[in-house]
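Shown next: structure_5.pdb, containing PDB, C-alpha atoms.
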```pdb
ATOM      1  CA  MET A   1     -67.941  12.018 -46.549  1.00  0.00           C
ATOM      2  CA  ASN A   2     -66.814  12.012 -50.149  1.00  0.00           C
ATOM      3  CA  GLU A   3     -68.774  10.431 -53.000  1.00  0.00           C
ATOM      4  CA  ALA A   4     -66.591   7.307 -53.226  1.00  0.00           C
ATOM      5  CA  ASP A   5     -67.037   6.634 -49.496  1.00  0.00           C
ATOM      6  CA  ARG A   6     -70.796   7.177 -49.749  1.00  0.00           C
ATOM      7  CA  LEU A   7     -71.083   4.797 -52.703  1.00  0.00           C
ATOM      8  CA  SER A   8     -69.174   2.109 -50.785  1.00  0.00           C
ATOM      9  CA  LEU A   9     -71.801   2.026 -48.020  1.00  0.00           C
ATOM     10  CA  PRO A  10     -74.379  -0.794 -47.977  1.00  0.00           C
ATOM     11  CA  TYR A  11     -78.109  -0.475 -48.568  1.00  0.00           C
ATOM     12  CA  ARG A  12     -80.333  -0.947 -45.521  1.00  0.00           C
ATOM     13  CA  PRO A  13     -82.663  -3.981 -45.950  1.00  0.00           C
ATOM     14  CA  ASN A  14     -86.242  -2.755 -45.887  1.00  0.00           C
ATOM     15  CA  VAL A  15     -89.802  -3.643 -46.872  1.00  0.00           C
ATOM     16  CA  GLY A  16     -92.384  -1.414 -48.547  1.00  0.00           C
ATOM     17  CA  LEU A  17     -96.152  -1.846 -48.401  1.00  0.00           C
ATOM     18  CA  MET A  18     -98.574  -0.761 -51.089  1.00  0.00           C
ATOM     19  CA  ILE A  19    -102.014  -1.083 -49.501  1.00  0.00           C
ATOM     20  CA  ARG A  20    -104.938  -0.709 -51.936  1.00  0.00           C
ATOM     21  CA  ASN A  21    -108.533  -0.286 -50.928  1.00  0.00           C
ATOM     22  CA  PRO A  22    -111.399  -1.787 -52.987  1.00  0.00           C
ATOM     23  CA  GLN A  23    -111.654   1.479 -54.986  1.00  0.00           C
ATOM     24  CA  GLY A  24    -108.013   1.153 -56.109  1.00  0.00           C
ATOM     25  CA  ARG A  25    -106.688   3.999 -53.984  1.00  0.00           C
ATOM     26  CA  ILE A  26    -103.430   3.590 -52.095  1.00  0.00           C
ATOM     27  CA  PHE A  27    -102.772   4.213 -48.402  1.00  0.00           C
ATOM     28  CA  ALA A  28    -100.387   7.108 -47.762  1.00  0.00           C
ATOM     29  CA  GLY A  29     -99.309   8.699 -44.521  1.00  0.00           C
ATOM     30  CA  ARG A  30     -97.768  12.104 -43.928  1.00  0.00           C
ATOM     31  CA  ARG A  31     -94.538  11.728 -41.982  1.00  0.00           C
ATOM     32  CA  ILE A  32     -94.363  13.363 -38.589  1.00  0.00           C
ATOM     33  CA  ASP A  33     -90.665  14.175 -38.936  1.00  0.00           C
ATOM     34  CA  TYR A  34     -90.723  15.652 -42.467  1.00  0.00           C
ATOM     35  CA  PRO A  35     -93.512  18.194 -43.097  1.00  0.00           C
ATOM     36  CA  ASP A  36     -95.436  17.559 -46.315  1.00  0.00           C
ATOM     37  CA  ALA A  37     -93.608  14.266 -46.949  1.00  0.00           C
ATOM     38  CA  TRP A  38     -96.102  11.524 -47.735  1.00  0.00           C
ATOM     39  CA  GLN A  39     -95.207   7.892 -48.189  1.00  0.00           C
ATOM     40  CA  MET A  40     -96.466   4.352 -48.160  1.00  0.00           C
ATOM     41  CA  PRO A  41     -95.611   2.329 -45.054  1.00  0.00           C
ATOM     42  CA  GLN A  42     -92.112   0.914 -45.015  1.00  0.00           C
ATOM     43  CA  GLY A  43     -89.579  -0.260 -42.481  1.00  0.00           C
ATOM     44  CA  GLY A  44     -86.398  -2.115 -41.732  1.00  0.00           C
ATOM     45  CA  ILE A  45     -85.990  -5.854 -41.650  1.00  0.00           C
ATOM     46  CA  ASP A  46     -84.730  -7.043 -38.269  1.00  0.00           C
ATOM     47  CA  GLU A  47     -81.804  -9.459 -37.973  1.00  0.00           C
ATOM     48  CA  GLY A  48     -83.020 -12.990 -38.802  1.00  0.00           C
ATOM     49  CA  GLU A  49     -86.455 -11.758 -39.925  1.00  0.00           C
ATOM     50  CA  GLU A  50     -87.930 -12.802 -43.259  1.00  0.00           C
ATOM     51  CA  PRO A  51     -89.095  -9.916 -45.493  1.00  0.00           C
ATOM     52  CA  LEU A  52     -92.765 -10.988 -45.491  1.00  0.00           C
ATOM     53  CA  GLU A  53     -92.704 -11.298 -41.711  1.00  0.00           C
ATOM     54  CA  ALA A  54     -91.218  -7.777 -41.523  1.00  0.00           C
ATOM     55  CA  ALA A  55     -93.921  -6.504 -43.874  1.00  0.00           C
ATOM     56  CA  PHE A  56     -96.757  -7.688 -41.650  1.00  0.00           C
ATOM     57  CA  ARG A  57     -94.975  -6.383 -38.543  1.00  0.00           C
ATOM     58  CA  GLU A  58     -94.494  -2.960 -40.159  1.00  0.00           C
ATOM     59  CA  LEU A  59     -98.104  -2.964 -41.362  1.00  0.00           C
ATOM     60  CA  ASN A  60     -99.319  -3.170 -37.798  1.00  0.00           C
ATOM     61  CA  GLU A  61     -96.636  -0.915 -36.296  1.00  0.00           C
ATOM     62  CA  GLU A  62     -97.279   1.954 -38.722  1.00  0.00           C
ATOM     63  CA  THR A  63    -100.987   1.684 -39.527  1.00  0.00           C
ATOM     64  CA  GLY A  64    -102.550  -0.412 -36.789  1.00  0.00           C
ATOM     65  CA  ILE A  65    -103.934  -2.683 -39.525  1.00  0.00           C
ATOM     66  CA  ILE A  66    -103.991  -6.339 -38.529  1.00  0.00           C
ATOM     67  CA  ARG A  67    -102.921  -9.110 -40.888  1.00  0.00           C
ATOM     68  CA  ASP A  68    -106.467 -10.478 -41.176  1.00  0.00           C
ATOM     69  CA  ALA A  69    -107.650  -7.170 -42.686  1.00  0.00           C
ATOM     70  CA  VAL A  70    -105.456  -7.517 -45.787  1.00  0.00           C
ATOM     71  CA  LYS A  71    -104.853 -10.011 -48.549  1.00  0.00           C
ATOM     72  CA  LEU A  72    -101.378 -10.506 -50.020  1.00  0.00           C
ATOM     73  CA  LEU A  73    -101.766  -9.819 -53.749  1.00  0.00           C
ATOM     74  CA  ALA A  74     -98.161  -9.631 -54.973  1.00  0.00           C
ATOM     75  CA  GLU A  75     -94.507  -9.464 -53.989  1.00  0.00           C
ATOM     76  CA  SER A  76     -91.869  -7.627 -55.992  1.00  0.00           C
ATOM     77  CA  ARG A  77     -89.677  -9.919 -58.071  1.00  0.00           C
ATOM     78  CA  ASP A  78     -86.496  -8.103 -57.111  1.00  0.00           C
ATOM     79  CA  TRP A  79     -85.167  -5.734 -54.504  1.00  0.00           C
ATOM     80  CA  HIS A  80     -85.662  -2.076 -55.408  1.00  0.00           C
ATOM     81  CA  THR A  81     -82.992   0.377 -54.271  1.00  0.00           C
ATOM     82  CA  TYR A  82     -82.787   4.096 -53.756  1.00  0.00           C
ATOM     83  CA  ASP A  83     -80.055   6.363 -52.447  1.00  0.00           C
ATOM     84  CA  PHE A  84     -80.565   8.918 -49.720  1.00  0.00           C
ATOM     85  CA  PRO A  85     -79.879  12.497 -50.815  1.00  0.00           C
ATOM     86  CA  PRO A  86     -76.526  13.744 -49.436  1.00  0.00           C
ATOM     87  CA  GLU A  87     -78.246  16.248 -47.129  1.00  0.00           C
ATOM     88  CA  VAL A  88     -80.197  13.406 -45.474  1.00  0.00           C
ATOM     89  CA  ALA A  89     -77.752  10.477 -45.660  1.00  0.00           C
ATOM     90  CA  GLY A  90     -75.497  11.542 -42.801  1.00  0.00           C
ATOM     91  CA  LYS A  91     -78.441  12.031 -40.428  1.00  0.00           C
ATOM     92  CA  LEU A  92     -80.080   8.619 -40.887  1.00  0.00           C
ATOM     93  CA  TRP A  93     -78.749   5.583 -38.998  1.00  0.00           C
ATOM     94  CA  LYS A  94     -75.541   7.467 -38.126  1.00  0.00           C
ATOM     95  CA  GLY A  95     -74.630   7.743 -41.805  1.00  0.00           C
ATOM     96  CA  GLY A  96     -74.049   3.997 -42.075  1.00  0.00           C
ATOM     97  CA  TYR A  97     -76.134   3.401 -45.217  1.00  0.00           C
ATOM     98  CA  ARG A  98     -76.089   4.636 -48.775  1.00  0.00           C
ATOM     99  CA  GLY A  99     -79.837   4.171 -49.052  1.00  0.00           C
ATOM    100  CA  GLN A 100     -82.348   1.385 -48.801  1.00  0.00           C
ATOM    101  CA  LYS A 101     -83.058  -1.828 -50.677  1.00  0.00           C
ATOM    102  CA  GLN A 102     -86.695  -2.767 -50.467  1.00  0.00           C
ATOM    103  CA  ARG A 103     -88.828  -5.816 -51.076  1.00  0.00           C
ATOM    104  CA  TRP A 104     -92.316  -4.529 -51.888  1.00  0.00           C
ATOM    105  CA  TYR A 105     -95.675  -6.131 -51.141  1.00  0.00           C
ATOM    106  CA  LEU A 106     -99.042  -5.300 -52.652  1.00  0.00           C
ATOM    107  CA  LEU A 107    -101.804  -5.773 -50.093  1.00  0.00           C
ATOM    108  CA  GLY A 108    -105.530  -5.568 -50.717  1.00  0.00           C
ATOM    109  CA  PHE A 109    -107.258  -3.865 -47.781  1.00  0.00           C
ATOM    110  CA  GLU A 110    -110.393  -5.822 -46.887  1.00  0.00           C
ATOM    111  CA  GLY A 111    -111.205  -4.085 -43.623  1.00  0.00           C
ATOM    112  CA  GLU A 112    -112.916  -0.836 -42.741  1.00  0.00           C
ATOM    113  CA  ASP A 113    -111.225   2.536 -42.467  1.00  0.00           C
ATOM    114  CA  ARG A 114    -112.015   2.652 -38.746  1.00  0.00           C
ATOM    115  CA  GLN A 115    -109.566  -0.257 -38.311  1.00  0.00           C
ATOM    116  CA  ILE A 116    -106.698   2.013 -39.351  1.00  0.00           C
ATOM    117  CA  ASN A 117    -104.977   3.633 -36.387  1.00  0.00           C
ATOM    118  CA  ILE A 118    -101.800   5.609 -36.998  1.00  0.00           C
ATOM    119  CA  ALA A 119    -101.600   6.621 -33.309  1.00  0.00           C
ATOM    120  CA  THR A 120     -99.376   3.627 -32.646  1.00  0.00           C
ATOM    121  CA  GLU A 121     -96.730   3.127 -29.945  1.00  0.00           C
ATOM    122  CA  HIS A 122     -94.095   4.814 -32.146  1.00  0.00           C
ATOM    123  CA  PRO A 123     -96.113   6.854 -34.656  1.00  0.00           C
ATOM    124  CA  GLU A 124     -94.555   7.755 -37.994  1.00  0.00           C
ATOM    125  CA  PHE A 125     -97.547   9.519 -39.543  1.00  0.00           C
ATOM    126  CA  ASP A 126     -99.661  12.405 -38.279  1.00  0.00           C
ATOM    127  CA  VAL A 127    -102.406  11.970 -40.865  1.00  0.00           C
ATOM    128  CA  TRP A 128    -103.317   9.395 -43.506  1.00  0.00           C
ATOM    129  CA  ARG A 129    -105.552   9.107 -46.541  1.00  0.00           C
ATOM    130  CA  TRP A 130    -106.324   7.013 -49.593  1.00  0.00           C
ATOM    131  CA  MET A 131    -104.715   8.504 -52.722  1.00  0.00           C
ATOM    132  CA  GLU A 132    -104.935   7.921 -56.422  1.00  0.00           C
ATOM    133  CA  PRO A 133    -101.553   6.724 -57.774  1.00  0.00           C
ATOM    134  CA  PRO A 134    -100.691   9.984 -59.642  1.00  0.00           C
ATOM    135  CA  GLU A 135    -101.384  12.063 -56.523  1.00  0.00           C
ATOM    136  CA  LEU A 136     -99.172   9.794 -54.429  1.00  0.00           C
ATOM    137  CA  ILE A 137     -96.317  10.146 -56.920  1.00  0.00           C
ATOM    138  CA  GLU A 138     -96.740  13.930 -56.805  1.00  0.00           C
ATOM    139  CA  ARG A 139     -96.719  14.094 -52.977  1.00  0.00           C
ATOM    140  CA  ILE A 140     -93.860  11.676 -52.300  1.00  0.00           C
ATOM    141  CA  VAL A 141     -90.424  13.097 -51.556  1.00  0.00           C
ATOM    142  CA  PRO A 142     -88.599  13.487 -54.882  1.00  0.00           C
ATOM    143  CA  PHE A 143     -85.836  10.953 -54.131  1.00  0.00           C
ATOM    144  CA  LYS A 144     -88.447   8.152 -53.818  1.00  0.00           C
ATOM    145  CA  ARG A 145     -90.485   8.931 -56.956  1.00  0.00           C
ATOM    146  CA  ASP A 146     -88.592   6.611 -59.279  1.00  0.00           C
ATOM    147  CA  ILE A 147     -88.911   3.638 -56.936  1.00  0.00           C
ATOM    148  CA  TYR A 148     -92.639   4.306 -56.459  1.00  0.00           C
ATOM    149  CA  ARG A 149     -93.139   4.445 -60.235  1.00  0.00           C
ATOM    150  CA  ALA A 150     -91.155   1.220 -60.690  1.00  0.00           C
ATOM    151  CA  VAL A 151     -93.164  -0.624 -58.043  1.00  0.00           C
ATOM    152  CA  MET A 152     -96.458   0.617 -59.504  1.00  0.00           C
ATOM    153  CA  ARG A 153     -95.384  -0.592 -62.972  1.00  0.00           C
ATOM    154  CA  GLU A 154     -94.360  -3.959 -61.559  1.00  0.00           C
ATOM    155  CA  PHE A 155     -97.723  -4.335 -59.790  1.00  0.00           C
ATOM    156  CA  SER A 156     -99.597  -3.104 -62.918  1.00  0.00           C
ATOM    157  CA  ILE A 157    -100.960  -0.026 -61.134  1.00  0.00           C
ATOM    158  CA  PRO A 158    -101.963   2.569 -63.747  1.00  0.00           C
ATOM    159  CA  LEU A 159    -100.270   5.930 -63.381  1.00  0.00           C
TER     160      LEU A 159
END
```

Any chance you could put this one into structure tokens?
Amino acid sequence: MNEADRLSLPYRPNVGLMIRNPQGRIFAGRRIDYPDAWQMPQGGIDEGEEPLEAAFRELNEETGIIRDAVKLLAESRDWHTYDFPPEVAGKLWKGGYRGQKQRWYLLGFEGEDRQINIATEHPEFDVWRWMEPPELIERIVPFKRDIYRAVMREFSIPL
């Protein structure tokens, strides 16, 4: 696929979840399918689904955290977009998307760590931990760093 064709593709609608514990650390999981790739939970928005509804569904699907264990603190004002790198783009969703557009949610975790269970029906992470924002930025795949920085600035998370 040439660059003009790639740029004509749509962005996949998606939600991102920044989950902060009472100490200000952020939940991050290491992806099963990409060694050493850490990320915050995120996922696609199903047809007819509202973004906030998708966010709470993804929260449970990826972390096992139930809605009652978090408090909604903020929602991003706008959609944030990022492009997939060319070496990845053709492999994801049959090459039908340029990247993803995400509505982000800041959630305050009010539960206990033992309530987190990444061994879900369709696990995405093989390990998880609470990270300081600079460490998360360092460990995220490079093509997502700018969006993570932008979301942290929008939610007034110090880097």

Distance of atom CA of A:Glu58 from atom CA of A:Phe125, expressed in Å to one decimal place:
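So the two atoms, atom CA of A:Phe125 and atom CA of A:Glu58, lie 12.9 Å apart.
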
For A:Arg114, which residue among A:Ala69, A:Tyr97, A:Tyr82, A:Ile45 is the nearest when counting all atoms listed in the file?
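Closest residue, counting all atoms listed in the file: A:Ala69.
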
Can you spell out as a VMD selection string the set of residues that the PyMOL selection byres ((chain A and resi 63-65) around 12) selects in the structure I just provided?
chain A and resid 17 19 27 to 30 40 to 43 55 to 62 66 to 71 107 to 129

Choose the residue, out of A:Asp46, A:Ala37, A:Arg25, A:Pro13, that has the smallest atom-to-atom separation from A:Glu138; count only C-alpha atoms.
A:Ala37

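Of the residues under consideration (A:Arg98, A:His80, A:Arg12, A:Lys144), A:Arg12 shows the shortest atom-to-atom contact distance to A:Gly44 when counting only C-alpha atoms.
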
Using only C-alpha atoms, which residue out of A:Tyr34, A:Phe155, A:Trp104, A:Phe143 lies closest to A:Phe84?
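Closest to A:Phe84 of all the choices is A:Phe143.
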
Size and centre in Å, one decimal, axis-aligned box, all listed stretch 74-92 of chain A atoms plus 4 Å per side, as lines of an AutoDock Vina configuration file:
```
center_x = -86.8
center_y = 3.2
center_z = -49.2
size_x = 30.7
size_y = 34.2
size_z = 25.6
```

Which residue, A:Gln100, A:Ser76, A:Thr81, A:Gln39, has the smallest gap to A:Ser156 when you use all atoms listed in the file?
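When distances to A:Ser156 are compared using all atoms listed in the file, the smallest one comes from A:Ser76.
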